[in-house]
Amino acid sequence: MASIYSLILFDLDGTLVDPAGAITGGISAALRSHDLPVPDDAVLDAMVGPPLVHSLTGLAAVPEPLIDHVVATYRAGYVATGIHRSRPYPGIARCVQALADDGAVVAVATQKPEWLAEELLSAQRLRHLFASVHGSPRNESVATGGKTPIIRAALERHAPVLEQAGPQQAVMIGDRSHDVEGAHANGVPCIGVAWGFAARGELEDAGADAVVHSAEELLEVLRGGL
């Protein structure tokens, strides 16, 4: 049975790849290196997914003059060690490969800076599975409007696919509320994955069109429809 969707967009951290503490641990280390307080584990987990600058200011209360320095410290550590600590979630590579074999166009739409998303996917030997990768600009201090414009960029990049198959043949897969909100803002359904960093009930409250608990269940839903 083939996927009923022609274009399938995946979030990255918390959906395709388990950061295995690389993000939360890296943020903690960056804050400590600048003599800033480290939030508790629940707050650190909530920082995975949204734009890093927003999380640092809104959740970690980092003073504006220090934002760029903390981000630079975090990114240096992540590139050096964090990328290689991350691991694809169980079964997700097989799921993506099956969707591509079905004939679907599969792409990534992430809040992570696009260049870094490319690095992570390559390091985890996943890049070849995706037709394109869409993320935030290199300058993370630039306001981007969250996930909505990133998803829009992916839809525009693959507009010929949707023109041929129909505009309702796209779907977003993600683990946080902003994935749902960004997808719906673009008129696209969103399937939430329960193995990521969403708090209990977050995806349902955001209006996720379905919530799945394994890569195998995700493939079944994508092949059977919402």
# chains A, B, ... in the order shown; residues from 1 in each chain; ligands from 1
>>> residues_around(residues="range 111-123 of chain A", least_positions_apart="5", cutoff="10 Å", atoms="only C-alpha atoms", output="ChimeraX atom specification")
/A:11-13,16-17,48-52,75,78-79,82-84,86-88,128-130,132-140,144,146-148,150-151,178-179
>>> residues_around(residues="Ala46 in chain A", least_positions_apart="5", cutoff="9 Å", atoms="only C-alpha atoms", output="list in words")
Asp41, Ser55, Leu59, Phe197, Ala198 and Ala199 of chain A
>>> write_last_selection(atoms="all heavy atoms", output="tab-separated table (two decimals), in the first residue's frame")
chain	number	residue	atom	x	y	z
A	41	ASP	N	15.06	20.50	34.45
A	41	ASP	CA	14.99	19.61	33.30
A	41	ASP	C	13.74	19.82	32.46
A	41	ASP	O	13.79	19.72	31.22
A	41	ASP	CB	15.07	18.15	33.75
A	41	ASP	CG	16.45	17.78	34.26
A	41	ASP	OD1	17.40	18.54	34.02
A	41	ASP	OD2	16.57	16.71	34.89
A	55	SER	N	13.84	30.51	22.94
A	55	SER	CA	13.90	29.72	24.16
A	55	SER	C	14.84	30.34	25.19
A	55	SER	O	14.55	30.36	26.39
A	55	SER	CB	14.37	28.29	23.84
A	55	SER	OG	13.39	27.60	23.09
A	59	LEU	N	12.47	31.35	28.04
A	59	LEU	CA	12.44	30.27	29.04
A	59	LEU	C	13.64	30.29	29.98
A	59	LEU	O	13.52	29.93	31.14
A	59	LEU	CB	12.37	28.91	28.33
A	59	LEU	CG	11.11	28.66	27.50
A	59	LEU	CD1	11.19	27.31	26.80
A	59	LEU	CD2	9.87	28.72	28.38
A	197	PHE	N	9.39	15.71	22.30
A	197	PHE	CA	9.55	16.55	23.48
A	197	PHE	C	8.29	17.29	23.89
A	197	PHE	O	8.35	18.17	24.75
A	197	PHE	CB	10.69	17.55	23.25
A	197	PHE	CG	12.05	16.90	23.24
A	197	PHE	CD1	12.56	16.38	22.06
A	197	PHE	CD2	12.78	16.77	24.40
A	197	PHE	CE1	13.79	15.76	22.04
A	197	PHE	CE2	14.02	16.15	24.39
A	197	PHE	CZ	14.53	15.64	23.21
A	198	ALA	N	7.16	16.94	23.32
A	198	ALA	CA	5.91	17.59	23.71
A	198	ALA	C	5.52	17.21	25.13
A	198	ALA	O	5.69	16.05	25.55
A	198	ALA	CB	4.78	17.21	22.75
A	199	ALA	N	5.00	18.18	25.87
A	199	ALA	CA	4.43	17.88	27.18
A	199	ALA	C	3.16	17.08	26.99
A	199	ALA	O	2.56	17.07	25.89
A	199	ALA	CB	4.14	19.18	27.92
>>> closest_residue(among="A:Ala208, A:Ile8, A:Asp175, A:His213", to="Ala107 in chain A", atoms="only C-alpha atoms")
A:Ile8
>>> select_by_dssp(residues="range 23-92 of chain A", states="helix (DSSP H, G or I)", output="number ranges by chain")
A: 23-33, 41-46, 52-58, 64-85, 92
>>> select_by_dssp(residues="range 69-213 of chain A", states="strand (DSSP E or B)", output="list in words")
Arg87, Pro88, Val105, Val106, Ala107, Val108, Ala109, Thr110, Gln111, Lys112, Pro113, Val133, His134, Gly135, Ser136, Ala170, Val171, Met172, Ile173, Gly174, Cys190, Ile191, Gly192, Val193, Ala210, Val211 and Val212 of chain A
>>> write_last_selection(atoms="N, CA and C atoms", output="PDB file, in the first residue's frame")
ATOM      1  N   ARG A  87      20.874  10.306  17.654  1.00  0.00           N
ATOM      2  CA  ARG A  87      20.584   9.029  17.003  1.00  0.00           C
ATOM      3  C   ARG A  87      19.196   9.060  16.385  1.00  0.00           C
ATOM      4  N   PRO A  88      19.024   8.476  15.199  1.00  0.00           N
ATOM      5  CA  PRO A  88      17.674   8.366  14.628  1.00  0.00           C
ATOM      6  C   PRO A  88      16.774   7.548  15.551  1.00  0.00           C
ATOM      7  N   VAL A 105       7.408  12.460  -2.168  1.00  0.00           N
ATOM      8  CA  VAL A 105       8.531  13.371  -1.976  1.00  0.00           C
ATOM      9  C   VAL A 105       8.618  13.642  -0.478  1.00  0.00           C
ATOM     10  N   VAL A 106       9.761  13.368   0.113  1.00  0.00           N
ATOM     11  CA  VAL A 106       9.938  13.525   1.554  1.00  0.00           C
ATOM     12  C   VAL A 106      10.987  14.605   1.795  1.00  0.00           C
ATOM     13  N   ALA A 107      10.646  15.581   2.652  1.00  0.00           N
ATOM     14  CA  ALA A 107      11.542  16.706   2.917  1.00  0.00           C
ATOM     15  C   ALA A 107      11.562  17.002   4.408  1.00  0.00           C
ATOM     16  N   VAL A 108      12.512  17.833   4.822  1.00  0.00           N
ATOM     17  CA  VAL A 108      12.657  18.226   6.218  1.00  0.00           C
ATOM     18  C   VAL A 108      12.295  19.697   6.375  1.00  0.00           C
ATOM     19  N   ALA A 109      11.524  20.001   7.426  1.00  0.00           N
ATOM     20  CA  ALA A 109      11.185  21.382   7.771  1.00  0.00           C
ATOM     21  C   ALA A 109      11.449  21.549   9.261  1.00  0.00           C
ATOM     22  N   THR A 110      12.501  22.263   9.619  1.00  0.00           N
ATOM     23  CA  THR A 110      12.959  22.332  11.001  1.00  0.00           C
ATOM     24  C   THR A 110      13.290  23.758  11.411  1.00  0.00           C
ATOM     25  N   GLN A 111      13.172  24.036  12.718  1.00  0.00           N
ATOM     26  CA  GLN A 111      13.587  25.333  13.240  1.00  0.00           C
ATOM     27  C   GLN A 111      15.106  25.431  13.328  1.00  0.00           C
ATOM     28  N   LYS A 112      15.798  24.308  13.298  1.00  0.00           N
ATOM     29  CA  LYS A 112      17.260  24.320  13.364  1.00  0.00           C
ATOM     30  C   LYS A 112      17.803  25.097  12.164  1.00  0.00           C
ATOM     31  N   PRO A 113      18.898  25.848  12.338  1.00  0.00           N
ATOM     32  CA  PRO A 113      19.493  26.513  11.175  1.00  0.00           C
ATOM     33  C   PRO A 113      19.709  25.514  10.031  1.00  0.00           C
ATOM     34  N   VAL A 133      15.915  20.144   2.337  1.00  0.00           N
ATOM     35  CA  VAL A 133      15.963  20.469   3.760  1.00  0.00           C
ATOM     36  C   VAL A 133      15.691  21.960   3.914  1.00  0.00           C
ATOM     37  N   HIS A 134      14.764  22.308   4.798  1.00  0.00           N
ATOM     38  CA  HIS A 134      14.375  23.706   4.996  1.00  0.00           C
ATOM     39  C   HIS A 134      14.479  24.040   6.478  1.00  0.00           C
ATOM     40  N   GLY A 135      15.163  25.131   6.799  1.00  0.00           N
ATOM     41  CA  GLY A 135      15.349  25.509   8.188  1.00  0.00           C
ATOM     42  C   GLY A 135      15.479  27.001   8.357  1.00  0.00           C
ATOM     43  N   SER A 136      15.958  27.402   9.528  1.00  0.00           N
ATOM     44  CA  SER A 136      16.133  28.814   9.845  1.00  0.00           C
ATOM     45  C   SER A 136      17.408  29.347   9.196  1.00  0.00           C
ATOM     46  N   ALA A 170      -0.331  17.137   0.921  1.00  0.00           N
ATOM     47  CA  ALA A 170       0.855  17.384   1.750  1.00  0.00           C
ATOM     48  C   ALA A 170       0.495  17.163   3.208  1.00  0.00           C
ATOM     49  N   VAL A 171       1.493  16.767   4.001  1.00  0.00           N
ATOM     50  CA  VAL A 171       1.287  16.548   5.432  1.00  0.00           C
ATOM     51  C   VAL A 171       2.586  16.855   6.164  1.00  0.00           C
ATOM     52  N   MET A 172       2.459  17.357   7.396  1.00  0.00           N
ATOM     53  CA  MET A 172       3.609  17.659   8.249  1.00  0.00           C
ATOM     54  C   MET A 172       3.663  16.651   9.382  1.00  0.00           C
ATOM     55  N   ILE A 173       4.878  16.223   9.752  1.00  0.00           N
ATOM     56  CA  ILE A 173       5.081  15.315  10.874  1.00  0.00           C
ATOM     57  C   ILE A 173       5.966  16.036  11.896  1.00  0.00           C
ATOM     58  N   GLY A 174       5.512  16.151  13.144  1.00  0.00           N
ATOM     59  CA  GLY A 174       6.322  16.850  14.136  1.00  0.00           C
ATOM     60  C   GLY A 174       5.978  16.452  15.555  1.00  0.00           C
ATOM     61  N   CYS A 190      -1.336  17.962  10.255  1.00  0.00           N
ATOM     62  CA  CYS A 190      -0.114  17.614  10.984  1.00  0.00           C
ATOM     63  C   CYS A 190      -0.344  16.374  11.830  1.00  0.00           C
ATOM     64  N   ILE A 191       0.547  15.418  11.689  1.00  0.00           N
ATOM     65  CA  ILE A 191       0.551  14.229  12.534  1.00  0.00           C
ATOM     66  C   ILE A 191       1.608  14.431  13.609  1.00  0.00           C
ATOM     67  N   GLY A 192       1.186  14.351  14.873  1.00  0.00           N
ATOM     68  CA  GLY A 192       2.124  14.484  15.973  1.00  0.00           C
ATOM     69  C   GLY A 192       2.732  13.152  16.341  1.00  0.00           C
ATOM     70  N   VAL A 193       4.000  13.173  16.743  1.00  0.00           N
ATOM     71  CA  VAL A 193       4.663  11.951  17.196  1.00  0.00           C
ATOM     72  C   VAL A 193       4.879  12.039  18.703  1.00  0.00           C
ATOM     73  N   ALA A 210      -3.655  13.791  14.150  1.00  0.00           N
ATOM     74  CA  ALA A 210      -3.485  12.440  14.696  1.00  0.00           C
ATOM     75  C   ALA A 210      -2.219  12.462  15.525  1.00  0.00           C
ATOM     76  N   VAL A 211      -2.105  11.539  16.477  1.00  0.00           N
ATOM     77  CA  VAL A 211      -0.885  11.383  17.259  1.00  0.00           C
ATOM     78  C   VAL A 211      -0.509   9.910  17.219  1.00  0.00           C
ATOM     79  N   VAL A 212       0.735   9.632  16.835  1.00  0.00           N
ATOM     80  CA  VAL A 212       1.184   8.245  16.709  1.00  0.00           C
ATOM     81  C   VAL A 212       2.294   7.972  17.721  1.00  0.00           C
TER      82      VAL A 212
END
>>> closest_residue(among="A:Thr57, A:Tyr74, A:Met47, A:Asp102", to="Leu219 in chain A", atoms="only C-alpha atoms")
A:Asp102
>>> residues_around(residues="Gln168 in chain A", least_positions_apart="5", cutoff="9 Å", atoms="only C-alpha atoms", output="number ranges by chain")
A: 5, 162, 187-189
>>> write_last_selection(atoms="all heavy atoms", output="short mmCIF file (atom, residue, chain, number, x, y, z; two decimals), in the first residue's frame")
data_model
loop_
_atom_site.label_atom_id
_atom_site.label_comp_id
_atom_site.auth_asym_id
_atom_site.auth_seq_id
_atom_site.Cartn_x
_atom_site.Cartn_y
_atom_site.Cartn_z
N TYR A 5 -0.15 10.52 0.56
CA TYR A 5 0.38 11.88 0.48
C TYR A 5 1.54 11.93 -0.52
O TYR A 5 2.41 11.07 -0.52
CB TYR A 5 0.85 12.36 1.85
CG TYR A 5 -0.27 12.41 2.85
CD1 TYR A 5 -0.45 11.38 3.77
CD2 TYR A 5 -1.16 13.48 2.87
CE1 TYR A 5 -1.50 11.42 4.68
CE2 TYR A 5 -2.21 13.52 3.78
CZ TYR A 5 -2.37 12.49 4.68
OH TYR A 5 -3.42 12.52 5.57
N LEU A 162 2.62 19.28 -5.82
CA LEU A 162 1.27 19.52 -5.33
C LEU A 162 0.34 19.98 -6.45
O LEU A 162 -0.86 19.70 -6.41
CB LEU A 162 1.30 20.55 -4.20
CG LEU A 162 2.10 20.11 -2.96
CD1 LEU A 162 2.11 21.20 -1.92
CD2 LEU A 162 1.54 18.82 -2.39
N GLY A 187 -2.43 25.46 5.78
CA GLY A 187 -3.50 24.62 5.25
C GLY A 187 -3.13 23.17 5.10
O GLY A 187 -3.72 22.45 4.27
N VAL A 188 -2.18 22.71 5.92
CA VAL A 188 -1.67 21.35 5.82
C VAL A 188 -1.97 20.61 7.13
O VAL A 188 -1.77 21.16 8.21
CB VAL A 188 -0.14 21.37 5.57
CG1 VAL A 188 0.46 19.97 5.65
CG2 VAL A 188 0.15 21.99 4.20
N PRO A 189 -2.43 19.36 7.08
CA PRO A 189 -2.62 18.59 8.32
C PRO A 189 -1.29 18.26 8.96
O PRO A 189 -0.25 18.27 8.31
CB PRO A 189 -3.35 17.33 7.84
CG PRO A 189 -2.95 17.18 6.41
CD PRO A 189 -2.80 18.58 5.88
#
>>> atom_distance(atom1="CA of Leu7 in chain A", atom2="CA of Ala154 in chain A")
9.4 Å
>>> residues_around(residues="range 67-69 of chain A", least_positions_apart="3", cutoff="12 Å", atoms="only C-alpha atoms", output="ChimeraX atom specification")
/A:27,30-31,33-36,52-58,60-64,72-76,139-142
>>> closest_residue(among="A:Ala183, A:Ala80, A:Ala2, A:Ala20", to="Asp209 in chain A", atoms="only C-alpha atoms")
A:Ala183
>>> atom_distance(atom1="CA of Leu99 in chain A", atom2="CA of Ile23 in chain A")
28.2 Å
>>> closest_residue(among="A:Val180, A:Val71, A:Ile4, A:Leu44", to="Leu203 in chain A", atoms="only C-alpha atoms")
A:Val180
